[in-house]
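Source file input28.txt; content: compact mmCIF, N, CA and C atoms and all ligand atoms.
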```
# COMPACT_ATOMS: atom_id res chain seq x y z
N MET A 521 182.58 211.09 1.05
CA MET A 521 181.39 210.59 1.77
C MET A 521 181.65 209.22 2.36
N VAL A 522 181.37 209.12 3.62
CA VAL A 522 181.45 207.81 4.25
C VAL A 522 180.03 207.33 4.46
N SER A 523 179.74 206.15 3.97
CA SER A 523 178.39 205.65 4.23
C SER A 523 178.43 204.65 5.37
N LYS A 524 177.47 204.79 6.20
CA LYS A 524 177.41 203.96 7.40
C LYS A 524 176.49 202.77 7.14
N PRO A 525 176.98 201.58 7.33
CA PRO A 525 176.07 200.44 7.15
C PRO A 525 175.04 200.41 8.26
N VAL A 526 173.82 200.18 7.87
CA VAL A 526 172.77 200.10 8.87
C VAL A 526 172.37 198.64 8.99
N THR A 527 172.47 198.12 10.16
CA THR A 527 172.12 196.73 10.36
C THR A 527 170.81 196.62 11.10
N ILE A 528 169.89 195.96 10.48
CA ILE A 528 168.63 195.71 11.15
C ILE A 528 168.56 194.23 11.46
N ALA A 529 168.40 193.91 12.71
CA ALA A 529 168.28 192.50 13.06
C ALA A 529 166.90 192.02 12.63
N LEU A 530 166.90 191.06 11.74
CA LEU A 530 165.63 190.53 11.28
C LEU A 530 164.99 189.69 12.37
N PRO A 531 163.72 189.88 12.56
CA PRO A 531 163.05 188.99 13.50
C PRO A 531 163.03 187.58 12.93
N ARG A 532 163.15 186.61 13.76
CA ARG A 532 163.16 185.22 13.29
C ARG A 532 162.46 184.34 14.30
N SER A 533 162.07 183.18 13.83
CA SER A 533 161.46 182.21 14.72
C SER A 533 162.55 181.57 15.57
N GLU A 534 162.13 180.81 16.55
CA GLU A 534 163.09 180.12 17.39
C GLU A 534 163.97 179.18 16.59
N ASP A 535 163.42 178.65 15.51
CA ASP A 535 164.22 177.73 14.70
C ASP A 535 165.10 178.45 13.69
N GLY A 536 165.12 179.79 13.75
CA GLY A 536 166.02 180.55 12.89
C GLY A 536 165.45 180.88 11.52
N MET A 537 164.23 180.45 11.27
CA MET A 537 163.64 180.72 9.96
C MET A 537 163.04 182.13 9.95
N THR A 538 163.28 182.83 8.86
CA THR A 538 162.68 184.16 8.76
C THR A 538 162.04 184.33 7.39
N GLY A 539 160.95 185.06 7.35
CA GLY A 539 160.21 185.25 6.11
C GLY A 539 160.93 186.20 5.17
N ARG A 540 160.78 185.96 3.87
CA ARG A 540 161.31 186.82 2.83
C ARG A 540 160.25 186.94 1.75
N GLN A 541 160.27 188.07 1.07
CA GLN A 541 159.31 188.25 -0.01
C GLN A 541 160.03 188.80 -1.22
N CYS A 542 159.79 188.19 -2.37
CA CYS A 542 160.47 188.60 -3.59
C CYS A 542 159.98 189.98 -4.03
N PRO A 543 160.93 190.92 -4.28
CA PRO A 543 160.52 192.26 -4.72
C PRO A 543 159.93 192.25 -6.13
N ARG A 544 160.16 191.19 -6.88
CA ARG A 544 159.65 191.15 -8.24
C ARG A 544 158.29 190.45 -8.34
N CYS A 545 158.23 189.18 -7.90
CA CYS A 545 156.97 188.45 -8.09
C CYS A 545 156.14 188.43 -6.80
N GLU A 546 156.70 188.99 -5.71
CA GLU A 546 156.02 189.06 -4.42
C GLU A 546 155.74 187.68 -3.81
N GLY A 547 156.40 186.66 -4.34
CA GLY A 547 156.29 185.34 -3.74
C GLY A 547 156.94 185.33 -2.36
N LYS A 548 156.33 184.62 -1.45
CA LYS A 548 156.85 184.58 -0.09
C LYS A 548 157.51 183.25 0.20
N PHE A 549 158.60 183.31 0.94
CA PHE A 549 159.29 182.09 1.33
C PHE A 549 160.03 182.36 2.63
N ARG A 550 160.66 181.34 3.17
CA ARG A 550 161.40 181.53 4.40
C ARG A 550 162.80 180.93 4.22
N VAL A 551 163.77 181.53 4.90
CA VAL A 551 165.13 181.01 4.84
C VAL A 551 165.66 180.82 6.25
N HIS A 552 166.63 179.92 6.37
CA HIS A 552 167.25 179.67 7.67
C HIS A 552 168.33 180.73 7.88
N LEU A 553 168.02 181.73 8.68
CA LEU A 553 168.87 182.92 8.79
C LEU A 553 170.27 182.63 9.37
N PRO A 554 170.41 181.78 10.39
CA PRO A 554 171.76 181.53 10.91
C PRO A 554 172.71 181.00 9.83
N THR A 555 172.19 180.19 8.90
CA THR A 555 173.07 179.69 7.83
C THR A 555 173.46 180.84 6.91
N VAL A 556 172.50 181.68 6.57
CA VAL A 556 172.78 182.82 5.69
C VAL A 556 173.85 183.70 6.33
N GLU A 557 173.73 183.92 7.63
CA GLU A 557 174.69 184.80 8.32
C GLU A 557 176.06 184.14 8.46
N ASP A 558 176.06 182.86 8.83
CA ASP A 558 177.34 182.15 8.99
C ASP A 558 178.14 182.13 7.71
N LYS A 559 177.45 181.89 6.62
CA LYS A 559 178.16 181.77 5.34
C LYS A 559 178.29 183.11 4.65
N CYS A 560 177.77 184.18 5.28
CA CYS A 560 177.85 185.53 4.72
C CYS A 560 177.25 185.63 3.32
N TYR A 561 176.16 184.96 3.11
CA TYR A 561 175.47 185.10 1.84
C TYR A 561 174.86 186.50 1.76
N LEU A 562 175.15 187.19 0.68
CA LEU A 562 174.63 188.55 0.54
C LEU A 562 173.40 188.59 -0.36
N ASN A 563 173.30 187.59 -1.23
CA ASN A 563 172.19 187.58 -2.17
C ASN A 563 171.30 186.37 -1.97
N LEU A 564 170.07 186.56 -2.31
CA LEU A 564 169.13 185.45 -2.31
C LEU A 564 168.54 185.34 -3.71
N ARG A 565 168.11 184.15 -4.03
CA ARG A 565 167.38 183.98 -5.28
C ARG A 565 165.95 183.62 -4.93
N CYS A 566 165.03 184.27 -5.61
CA CYS A 566 163.63 183.94 -5.38
C CYS A 566 163.39 182.50 -5.83
N PRO A 567 162.83 181.67 -4.95
CA PRO A 567 162.61 180.27 -5.32
C PRO A 567 161.61 180.12 -6.46
N TYR A 568 160.80 181.13 -6.68
CA TYR A 568 159.72 181.02 -7.68
C TYR A 568 160.14 181.58 -9.04
N CYS A 569 160.54 182.85 -9.08
CA CYS A 569 160.84 183.46 -10.39
C CYS A 569 162.34 183.56 -10.63
N LYS A 570 163.15 183.13 -9.63
CA LYS A 570 164.62 183.08 -9.74
C LYS A 570 165.28 184.45 -9.85
N PHE A 571 164.57 185.46 -9.47
CA PHE A 571 165.13 186.81 -9.41
C PHE A 571 166.17 186.86 -8.29
N ILE A 572 167.33 187.42 -8.58
CA ILE A 572 168.40 187.50 -7.56
C ILE A 572 168.61 188.94 -7.13
N ASP A 573 168.64 189.14 -5.82
CA ASP A 573 168.89 190.49 -5.31
C ASP A 573 169.48 190.36 -3.91
N ARG A 574 169.81 191.50 -3.31
CA ARG A 574 170.37 191.48 -1.98
C ARG A 574 169.36 190.94 -0.97
N LEU A 575 169.90 190.25 0.02
CA LEU A 575 169.08 189.68 1.08
C LEU A 575 168.06 190.68 1.65
N ASP A 576 168.53 191.90 1.88
CA ASP A 576 167.64 192.86 2.55
C ASP A 576 166.60 193.47 1.62
N ARG A 577 166.70 193.17 0.33
CA ARG A 577 165.66 193.65 -0.58
C ARG A 577 164.41 192.76 -0.53
N PHE A 578 164.58 191.60 0.09
CA PHE A 578 163.48 190.65 0.15
C PHE A 578 162.64 190.85 1.41
N LEU A 579 162.46 192.10 1.80
CA LEU A 579 161.68 192.39 2.99
C LEU A 579 160.20 192.08 2.74
N THR A 580 159.58 191.42 3.69
CA THR A 580 158.16 191.11 3.49
C THR A 580 157.29 192.28 3.91
N GLY A 581 156.08 192.29 3.40
CA GLY A 581 155.13 193.32 3.80
C GLY A 581 154.91 193.31 5.30
N GLU A 582 154.87 192.10 5.86
CA GLU A 582 154.66 191.95 7.30
C GLU A 582 155.81 192.60 8.08
N GLN A 583 157.05 192.34 7.60
CA GLN A 583 158.21 192.89 8.30
C GLN A 583 158.26 194.41 8.18
N ARG A 584 157.88 194.90 7.00
CA ARG A 584 157.86 196.35 6.80
C ARG A 584 156.90 197.00 7.81
N ALA A 585 155.73 196.41 7.95
CA ALA A 585 154.75 196.95 8.89
C ALA A 585 155.26 196.87 10.32
N TYR A 586 155.96 195.78 10.61
CA TYR A 586 156.51 195.57 11.94
C TYR A 586 157.55 196.65 12.26
N TRP A 587 158.46 196.88 11.30
CA TRP A 587 159.50 197.89 11.54
C TRP A 587 158.92 199.29 11.63
N GLU A 588 157.92 199.54 10.81
CA GLU A 588 157.30 200.87 10.86
C GLU A 588 156.68 201.09 12.23
N ALA A 589 156.03 200.03 12.75
CA ALA A 589 155.39 200.14 14.06
C ALA A 589 156.43 200.37 15.14
N ILE A 590 157.54 199.65 15.06
CA ILE A 590 158.60 199.83 16.04
C ILE A 590 159.20 201.21 15.93
N GLY A 591 159.38 201.66 14.70
CA GLY A 591 159.92 203.00 14.49
C GLY A 591 159.04 204.05 15.14
N ARG A 592 157.74 203.89 14.92
CA ARG A 592 156.78 204.81 15.54
C ARG A 592 156.88 204.75 17.05
N ASP A 593 156.94 203.54 17.55
CA ASP A 593 156.99 203.36 18.99
C ASP A 593 158.21 204.04 19.60
N GLU A 594 159.35 203.86 18.93
CA GLU A 594 160.57 204.45 19.44
C GLU A 594 160.49 205.96 19.40
N THR A 595 159.90 206.47 18.36
CA THR A 595 159.78 207.91 18.24
C THR A 595 158.94 208.45 19.39
N LEU A 596 157.85 207.75 19.69
CA LEU A 596 157.01 208.16 20.80
C LEU A 596 157.75 208.09 22.12
N GLN A 597 158.48 206.99 22.31
CA GLN A 597 159.24 206.81 23.54
C GLN A 597 160.23 207.94 23.72
N LEU A 598 160.94 208.23 22.64
CA LEU A 598 161.93 209.28 22.71
C LEU A 598 161.27 210.59 23.05
N ALA A 599 160.15 210.82 22.41
CA ALA A 599 159.47 212.08 22.62
C ALA A 599 159.07 212.24 24.09
N SER A 600 158.58 211.16 24.69
CA SER A 600 158.09 211.32 26.05
C SER A 600 159.20 211.21 27.09
N ASP A 601 160.17 210.32 26.85
CA ASP A 601 161.17 210.05 27.89
C ASP A 601 162.30 211.05 27.94
N VAL A 602 162.83 211.38 26.81
CA VAL A 602 164.08 212.11 26.84
C VAL A 602 164.00 213.52 26.28
N THR A 603 162.80 213.92 25.90
CA THR A 603 162.68 215.22 25.27
C THR A 603 163.34 216.32 26.09
N GLU A 604 162.93 216.41 27.34
CA GLU A 604 163.38 217.56 28.11
C GLU A 604 164.88 217.57 28.31
N GLU A 605 165.38 216.46 28.82
CA GLU A 605 166.82 216.35 29.04
C GLU A 605 167.63 216.63 27.79
N VAL A 606 167.42 215.75 26.81
CA VAL A 606 168.25 215.79 25.63
C VAL A 606 168.10 217.09 24.88
N PHE A 607 166.85 217.49 24.71
CA PHE A 607 166.64 218.66 23.88
C PHE A 607 167.08 219.95 24.56
N SER A 608 166.95 220.03 25.87
CA SER A 608 167.40 221.28 26.49
C SER A 608 168.91 221.40 26.35
N GLU A 609 169.60 220.26 26.50
CA GLU A 609 171.05 220.31 26.31
C GLU A 609 171.40 220.59 24.86
N ALA A 610 170.70 219.89 23.99
CA ALA A 610 171.02 220.03 22.57
C ALA A 610 170.78 221.46 22.11
N PHE A 611 169.71 222.05 22.60
CA PHE A 611 169.39 223.40 22.16
C PHE A 611 170.39 224.42 22.70
N ASP A 612 170.90 224.16 23.90
CA ASP A 612 171.92 225.06 24.45
C ASP A 612 173.12 225.13 23.53
N ASP A 613 173.26 224.08 22.81
CA ASP A 613 174.46 223.76 22.07
C ASP A 613 174.31 224.05 20.60
N LEU A 614 173.16 224.54 20.22
CA LEU A 614 172.80 224.53 18.81
C LEU A 614 173.63 225.43 17.92
N ASP A 615 174.25 226.42 18.50
CA ASP A 615 175.00 227.31 17.62
C ASP A 615 176.16 226.60 16.96
N GLY A 616 176.54 225.47 17.52
CA GLY A 616 177.57 224.68 16.87
C GLY A 616 177.06 223.99 15.62
N GLY A 617 175.76 224.04 15.41
CA GLY A 617 175.20 223.39 14.23
C GLY A 617 175.25 221.88 14.32
N GLY A 618 175.46 221.41 15.54
CA GLY A 618 175.63 219.96 15.72
C GLY A 618 174.35 219.19 15.49
N LEU A 619 174.52 217.96 15.14
CA LEU A 619 173.38 217.08 14.96
C LEU A 619 173.10 216.40 16.29
N ILE A 620 171.85 216.09 16.46
CA ILE A 620 171.48 215.36 17.66
C ILE A 620 171.57 213.86 17.37
N ASP A 621 172.34 213.21 18.19
CA ASP A 621 172.52 211.78 17.98
C ASP A 621 171.71 210.97 18.97
N PHE A 622 170.93 210.10 18.44
CA PHE A 622 170.17 209.22 19.32
C PHE A 622 170.72 207.82 19.25
N GLU A 623 170.73 207.21 20.36
CA GLU A 623 171.07 205.80 20.35
C GLU A 623 169.87 205.07 20.93
N VAL A 624 169.34 204.16 20.16
CA VAL A 624 168.14 203.47 20.61
C VAL A 624 168.44 201.99 20.71
N GLU A 625 168.17 201.46 21.86
CA GLU A 625 168.34 200.02 22.03
C GLU A 625 166.99 199.36 21.92
N THR A 626 166.80 198.67 20.82
CA THR A 626 165.49 198.06 20.63
C THR A 626 165.20 197.02 21.69
N GLY A 627 166.25 196.40 22.21
CA GLY A 627 166.04 195.35 23.22
C GLY A 627 165.35 195.87 24.45
N SER A 628 165.53 197.16 24.75
CA SER A 628 165.00 197.66 26.01
C SER A 628 163.71 198.46 25.81
N VAL A 629 163.24 198.50 24.58
CA VAL A 629 162.03 199.26 24.34
C VAL A 629 160.82 198.54 24.91
N ASP A 630 160.04 199.24 25.65
CA ASP A 630 158.83 198.65 26.21
C ASP A 630 157.67 198.88 25.25
N PHE A 631 157.15 197.80 24.73
CA PHE A 631 156.10 197.93 23.72
C PHE A 631 154.72 198.04 24.33
N GLY A 632 154.64 198.12 25.64
CA GLY A 632 153.35 198.14 26.30
C GLY A 632 152.41 199.18 25.69
N GLY A 633 151.23 198.74 25.37
CA GLY A 633 150.23 199.69 24.90
C GLY A 633 150.23 199.89 23.39
N THR A 634 151.39 199.75 22.75
CA THR A 634 151.43 199.96 21.31
C THR A 634 151.18 198.65 20.59
N HIS A 635 150.39 198.70 19.56
CA HIS A 635 150.14 197.48 18.82
C HIS A 635 151.24 197.26 17.79
N ILE A 636 151.99 196.20 17.95
CA ILE A 636 153.01 195.84 16.98
C ILE A 636 152.48 194.66 16.17
N PRO A 637 152.30 194.84 14.88
CA PRO A 637 151.78 193.74 14.07
C PRO A 637 152.79 192.60 14.00
N SER A 638 152.30 191.42 13.76
CA SER A 638 153.18 190.27 13.64
C SER A 638 154.04 190.38 12.41
N TRP A 639 155.30 189.97 12.53
CA TRP A 639 156.19 189.96 11.37
C TRP A 639 156.15 188.61 10.67
N GLN A 640 155.40 187.67 11.23
CA GLN A 640 155.32 186.34 10.64
C GLN A 640 154.60 186.40 9.30
N LEU A 641 154.96 185.50 8.42
CA LEU A 641 154.30 185.43 7.12
C LEU A 641 152.84 185.03 7.31
N ASP A 642 152.00 185.57 6.43
CA ASP A 642 150.59 185.21 6.51
C ASP A 642 150.26 184.06 5.58
N VAL A 643 151.29 183.36 5.11
CA VAL A 643 151.04 182.20 4.27
C VAL A 643 151.65 180.96 4.91
N MET A 644 151.07 179.82 4.59
CA MET A 644 151.62 178.55 5.07
C MET A 644 152.81 178.18 4.20
N THR A 645 153.91 177.80 4.84
CA THR A 645 155.07 177.36 4.07
C THR A 645 155.45 175.94 4.46
N GLU A 646 156.11 175.30 3.54
CA GLU A 646 156.54 173.93 3.74
C GLU A 646 158.06 173.90 3.70
N GLU A 647 158.67 173.27 4.69
CA GLU A 647 160.12 173.30 4.76
C GLU A 647 160.78 172.33 3.77
N VAL A 648 161.87 172.80 3.18
CA VAL A 648 162.61 172.01 2.21
C VAL A 648 164.08 172.04 2.60
N ILE A 649 164.77 170.92 2.46
CA ILE A 649 166.22 170.92 2.63
C ILE A 649 166.81 170.70 1.24
N CYS A 650 167.67 171.65 0.83
CA CYS A 650 168.24 171.56 -0.52
C CYS A 650 169.12 170.31 -0.65
N GLY A 651 168.89 169.54 -1.69
CA GLY A 651 169.67 168.33 -1.92
C GLY A 651 171.11 168.63 -2.31
N GLU A 652 171.36 169.83 -2.83
CA GLU A 652 172.70 170.20 -3.28
C GLU A 652 173.56 170.76 -2.15
N CYS A 653 173.01 171.71 -1.42
CA CYS A 653 173.84 172.41 -0.43
C CYS A 653 173.30 172.28 0.99
N SER A 654 172.24 171.50 1.18
CA SER A 654 171.65 171.26 2.50
C SER A 654 171.06 172.51 3.15
N PHE A 655 170.85 173.55 2.37
CA PHE A 655 170.28 174.76 2.92
C PHE A 655 168.80 174.54 3.29
N ARG A 656 168.43 175.06 4.47
CA ARG A 656 167.04 174.95 4.91
C ARG A 656 166.24 176.16 4.48
N PHE A 657 165.18 175.93 3.78
CA PHE A 657 164.28 177.03 3.43
C PHE A 657 162.86 176.49 3.36
N ALA A 658 161.93 177.37 3.12
CA ALA A 658 160.54 176.93 3.05
C ALA A 658 159.82 177.72 1.98
N VAL A 659 159.01 177.02 1.22
CA VAL A 659 158.24 177.68 0.17
C VAL A 659 156.75 177.52 0.45
N GLU A 660 155.97 178.35 -0.21
CA GLU A 660 154.52 178.27 -0.02
C GLU A 660 154.05 176.84 -0.27
N ALA A 661 153.13 176.40 0.58
CA ALA A 661 152.78 174.99 0.65
C ALA A 661 152.39 174.37 -0.69
N ASP A 662 151.76 175.14 -1.57
CA ASP A 662 151.30 174.54 -2.82
C ASP A 662 152.15 174.93 -4.02
N ARG A 663 153.37 175.42 -3.77
CA ARG A 663 154.22 175.83 -4.88
C ARG A 663 155.56 175.12 -4.82
N ASP A 664 156.18 174.96 -5.98
CA ASP A 664 157.53 174.44 -6.03
C ASP A 664 158.49 175.61 -6.03
N GLY A 665 159.65 175.41 -5.43
CA GLY A 665 160.63 176.48 -5.44
C GLY A 665 162.04 175.92 -5.50
N VAL A 666 162.94 176.69 -6.11
CA VAL A 666 164.34 176.27 -6.16
C VAL A 666 165.07 176.81 -4.94
N CYS A 667 166.24 176.27 -4.66
CA CYS A 667 167.05 176.72 -3.52
C CYS A 667 167.42 178.19 -3.69
N PRO A 668 167.22 179.01 -2.64
CA PRO A 668 167.53 180.44 -2.74
C PRO A 668 169.03 180.72 -2.72
N ILE A 669 169.85 179.72 -2.39
CA ILE A 669 171.27 179.95 -2.18
C ILE A 669 172.15 179.41 -3.30
N CYS A 670 172.05 178.13 -3.61
CA CYS A 670 173.03 177.58 -4.55
C CYS A 670 172.59 177.83 -5.99
N ARG A 671 173.56 177.82 -6.88
CA ARG A 671 173.27 178.22 -8.25
C ARG A 671 173.12 176.99 -9.13
ZN ZN A 701 160.15 186.14 -7.38
ZN ZN A 702 171.02 174.72 -2.37
```

Could you render the structure as structure tokens?
Amino acid sequence: MVSKPVTIALPRSEDGMTGRQCPRCEGKFRVHLPTVEDKCYLNLRCPYCKFIDRLDRFLTGEQRAYWEAIGRDETLQLASDVTEEVFSEAFDDLDGGGLIDFEVETGSVDFGGTHIPSWQLDVMTEEVICGECSFRFAVEADRDGVCPICR
């Protein structure tokens, strides 16, 4: 079995900060994504309960809703735009038992008409620069949090 890595580009603010939510305590925080990517950090630590898990496990509820909406939108687009072409060819070909491969470019998807919820966090966060490793992150305004990166 070969497993294919699936890369989802996380939405981020212009300043590179993106929301994360702890799968254990559901605490929300933000991290500076370009630093995470540059340094190839694979794990994050929850600033609140110190739970450590893979970066992509810290998906926020907002982001989940956002991706679901985009997924729906793409499905609709595919259904209306390419059904006839792709499917008539694919069906001609079906005795091969082949799978239908779709390639979707999210950059070119027109979201007109579909409501895409905001992926932004619904909580106020306060930015912190880690004194140890200079990592930029943000924690909920009235909570203390440890650096999600350094140990
Ligand atoms: Zn936590
Ligand atoms: Zn740090």

Please, which residues have at least one atom within 6.5 Å of an atom of ligand ZN 702 (chain A), using only N, CA and C atoms and all ligand atoms, listed as a PyMOL selection string?
chain A and resi 650-655+667-671

Please produce a file of those selected residues containing N, CA and C atoms, as a JSON list (two decimals), keeping the file's coordinate frame.
```
[["chain", "number", "residue", "atom", "x", "y", "z"],
["A", 650, "CYS", "N", 167.67, 171.65, 0.83],
["A", 650, "CYS", "CA", 168.24, 171.56, -0.52],
["A", 650, "CYS", "C", 169.12, 170.31, -0.65],
["A", 651, "GLY", "N", 168.89, 169.54, -1.69],
["A", 651, "GLY", "CA", 169.67, 168.33, -1.92],
["A", 651, "GLY", "C", 171.11, 168.63, -2.31],
["A", 652, "GLU", "N", 171.36, 169.83, -2.83],
["A", 652, "GLU", "CA", 172.70, 170.20, -3.28],
["A", 652, "GLU", "C", 173.56, 170.76, -2.15],
["A", 653, "CYS", "N", 173.01, 171.71, -1.42],
["A", 653, "CYS", "CA", 173.84, 172.41, -0.43],
["A", 653, "CYS", "C", 173.30, 172.28, 0.99],
["A", 654, "SER", "N", 172.24, 171.50, 1.18],
["A", 654, "SER", "CA", 171.65, 171.26, 2.50],
["A", 654, "SER", "C", 171.06, 172.51, 3.15],
["A", 655, "PHE", "N", 170.85, 173.55, 2.37],
["A", 655, "PHE", "CA", 170.28, 174.76, 2.92],
["A", 655, "PHE", "C", 168.80, 174.54, 3.29],
["A", 667, "CYS", "N", 166.24, 176.27, -4.66],
["A", 667, "CYS", "CA", 167.05, 176.72, -3.52],
["A", 667, "CYS", "C", 167.42, 178.19, -3.69],
["A", 668, "PRO", "N", 167.22, 179.01, -2.64],
["A", 668, "PRO", "CA", 167.53, 180.44, -2.74],
["A", 668, "PRO", "C", 169.03, 180.72, -2.72],
["A", 669, "ILE", "N", 169.85, 179.72, -2.39],
["A", 669, "ILE", "CA", 171.27, 179.95, -2.18],
["A", 669, "ILE", "C", 172.15, 179.41, -3.30],
["A", 670, "CYS", "N", 172.05, 178.13, -3.61],
["A", 670, "CYS", "CA", 173.03, 177.58, -4.55],
["A", 670, "CYS", "C", 172.59, 177.83, -5.99],
["A", 671, "ARG", "N", 173.56, 177.82, -6.88],
["A", 671, "ARG", "CA", 173.27, 178.22, -8.25],
["A", 671, "ARG", "C", 173.12, 176.99, -9.13]]
```

Return as a CSV table (one decimal) with N, CA and C atoms, in the coordinates of the input the residues of protein, DNA or RNA that approach ligand ZN 701 (chain A) to within 6.5 Å, with all atoms listed in the file taken into account.
```
chain,number,residue,atom,x,y,z
A,542,CYS,N,159.8,188.2,-2.4
A,542,CYS,CA,160.5,188.6,-3.6
A,542,CYS,C,160.0,190.0,-4.0
A,543,PRO,N,160.9,190.9,-4.3
A,543,PRO,CA,160.5,192.3,-4.7
A,543,PRO,C,159.9,192.2,-6.1
A,544,ARG,N,160.2,191.2,-6.9
A,544,ARG,CA,159.6,191.2,-8.2
A,544,ARG,C,158.3,190.4,-8.3
A,545,CYS,N,158.2,189.2,-7.9
A,545,CYS,CA,157.0,188.4,-8.1
A,545,CYS,C,156.1,188.4,-6.8
A,546,GLU,N,156.7,189.0,-5.7
A,546,GLU,CA,156.0,189.1,-4.4
A,546,GLU,C,155.7,187.7,-3.8
A,547,GLY,N,156.4,186.7,-4.3
A,547,GLY,CA,156.3,185.3,-3.7
A,547,GLY,C,156.9,185.3,-2.4
A,566,CYS,N,165.0,184.3,-5.6
A,566,CYS,CA,163.6,183.9,-5.4
A,566,CYS,C,163.4,182.5,-5.8
A,567,PRO,N,162.8,181.7,-5.0
A,567,PRO,CA,162.6,180.3,-5.3
A,567,PRO,C,161.6,180.1,-6.5
A,568,TYR,N,160.8,181.1,-6.7
A,568,TYR,CA,159.7,181.0,-7.7
A,568,TYR,C,160.1,181.6,-9.0
A,569,CYS,N,160.5,182.8,-9.1
A,569,CYS,CA,160.8,183.5,-10.4
A,569,CYS,C,162.3,183.6,-10.6
A,570,LYS,N,163.2,183.1,-9.6
A,570,LYS,CA,164.6,183.1,-9.7
A,570,LYS,C,165.3,184.4,-9.8
A,571,PHE,N,164.6,185.5,-9.5
A,571,PHE,CA,165.1,186.8,-9.4
A,571,PHE,C,166.2,186.9,-8.3
```

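When CA of Ala589 (chain A) is paired with atom C of Gln640 (chain A), their separation reads 14.6 Å.
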
Taking only C-alpha atoms into account, name the residue in A:Leu641, A:Met537, A:Val551, A:Ile649 that is nearest to Ala585 (chain A).
A:Leu641

Check the smallest atom-to-atom distance from each of A:Ile590, A:Phe549, A:Glu646, A:Arg540 to Asp576 (chain A) using only C-alpha atoms, then report the winner.
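Among the listed residues, A:Arg540 lies closest to Asp576 (chain A).
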
List every residue of region 554-604 of chain A that DSSP, applied to the backbone of this structure, assigns to helix (DSSP H, G or I), and report them as a ChimeraX atom specification.
/A:554-558,575-577,581-601,603-604

Store the residues picked out above, limited to N, CA and C atoms, as a short mmCIF file (atom, residue, chain, number, x, y, z; two decimals), in the coordinates of the input.
```
data_model
loop_
_atom_site.label_atom_id
_atom_site.label_comp_id
_atom_site.auth_asym_id
_atom_site.auth_seq_id
_atom_site.Cartn_x
_atom_site.Cartn_y
_atom_site.Cartn_z
N PRO A 554 170.41 181.78 10.39
CA PRO A 554 171.76 181.53 10.91
C PRO A 554 172.71 181.00 9.83
N THR A 555 172.19 180.19 8.90
CA THR A 555 173.07 179.69 7.83
C THR A 555 173.46 180.84 6.91
N VAL A 556 172.50 181.68 6.57
CA VAL A 556 172.78 182.82 5.69
C VAL A 556 173.85 183.70 6.33
N GLU A 557 173.73 183.92 7.63
CA GLU A 557 174.69 184.80 8.32
C GLU A 557 176.06 184.14 8.46
N ASP A 558 176.06 182.86 8.83
CA ASP A 558 177.34 182.15 8.99
C ASP A 558 178.14 182.13 7.71
N LEU A 575 169.90 190.25 0.02
CA LEU A 575 169.08 189.68 1.08
C LEU A 575 168.06 190.68 1.65
N ASP A 576 168.53 191.90 1.88
CA ASP A 576 167.64 192.86 2.55
C ASP A 576 166.60 193.47 1.62
N ARG A 577 166.70 193.17 0.33
CA ARG A 577 165.66 193.65 -0.58
C ARG A 577 164.41 192.76 -0.53
N GLY A 581 156.08 192.29 3.40
CA GLY A 581 155.13 193.32 3.80
C GLY A 581 154.91 193.31 5.30
N GLU A 582 154.87 192.10 5.86
CA GLU A 582 154.66 191.95 7.30
C GLU A 582 155.81 192.60 8.08
N GLN A 583 157.05 192.34 7.60
CA GLN A 583 158.21 192.89 8.30
C GLN A 583 158.26 194.41 8.18
N ARG A 584 157.88 194.90 7.00
CA ARG A 584 157.86 196.35 6.80
C ARG A 584 156.90 197.00 7.81
N ALA A 585 155.73 196.41 7.95
CA ALA A 585 154.75 196.95 8.89
C ALA A 585 155.26 196.87 10.32
N TYR A 586 155.96 195.78 10.61
CA TYR A 586 156.51 195.57 11.94
C TYR A 586 157.55 196.65 12.26
N TRP A 587 158.46 196.88 11.30
CA TRP A 587 159.50 197.89 11.54
C TRP A 587 158.92 199.29 11.63
N GLU A 588 157.92 199.54 10.81
CA GLU A 588 157.30 200.87 10.86
C GLU A 588 156.68 201.09 12.23
N ALA A 589 156.03 200.03 12.75
CA ALA A 589 155.39 200.14 14.06
C ALA A 589 156.43 200.37 15.14
N ILE A 590 157.54 199.65 15.06
CA ILE A 590 158.60 199.83 16.04
C ILE A 590 159.20 201.21 15.93
N GLY A 591 159.38 201.66 14.70
CA GLY A 591 159.92 203.00 14.49
C GLY A 591 159.04 204.05 15.14
N ARG A 592 157.74 203.89 14.92
CA ARG A 592 156.78 204.81 15.54
C ARG A 592 156.88 204.75 17.05
N ASP A 593 156.94 203.54 17.55
CA ASP A 593 156.99 203.36 18.99
C ASP A 593 158.21 204.04 19.60
N GLU A 594 159.35 203.86 18.93
CA GLU A 594 160.57 204.45 19.44
C GLU A 594 160.49 205.96 19.40
N THR A 595 159.90 206.47 18.36
CA THR A 595 159.78 207.91 18.24
C THR A 595 158.94 208.45 19.39
N LEU A 596 157.85 207.75 19.69
CA LEU A 596 157.01 208.16 20.80
C LEU A 596 157.75 208.09 22.12
N GLN A 597 158.48 206.99 22.31
CA GLN A 597 159.24 206.81 23.54
C GLN A 597 160.23 207.94 23.72
N LEU A 598 160.94 208.23 22.64
CA LEU A 598 161.93 209.28 22.71
C LEU A 598 161.27 210.59 23.05
N ALA A 599 160.15 210.82 22.41
CA ALA A 599 159.47 212.08 22.62
C ALA A 599 159.07 212.24 24.09
N SER A 600 158.58 211.16 24.69
CA SER A 600 158.09 211.32 26.05
C SER A 600 159.20 211.21 27.09
N ASP A 601 160.17 210.32 26.85
CA ASP A 601 161.17 210.05 27.89
C ASP A 601 162.30 211.05 27.94
N THR A 603 162.80 213.92 25.90
CA THR A 603 162.68 215.22 25.27
C THR A 603 163.34 216.32 26.09
N GLU A 604 162.93 216.41 27.34
CA GLU A 604 163.38 217.56 28.11
C GLU A 604 164.88 217.57 28.31
#
```

Point out the residue among A:Leu575, A:Val556, A:Met644, A:Leu564 with the least atom-to-atom distance to Val666 (chain A), counting only C-alpha atoms.
A:Leu564

Sel. of strand (DSSP E) residues, region 526-605 of chain A, as a PyMOL selection string
chain A and resi 537-541+548-552+563-565+572-574
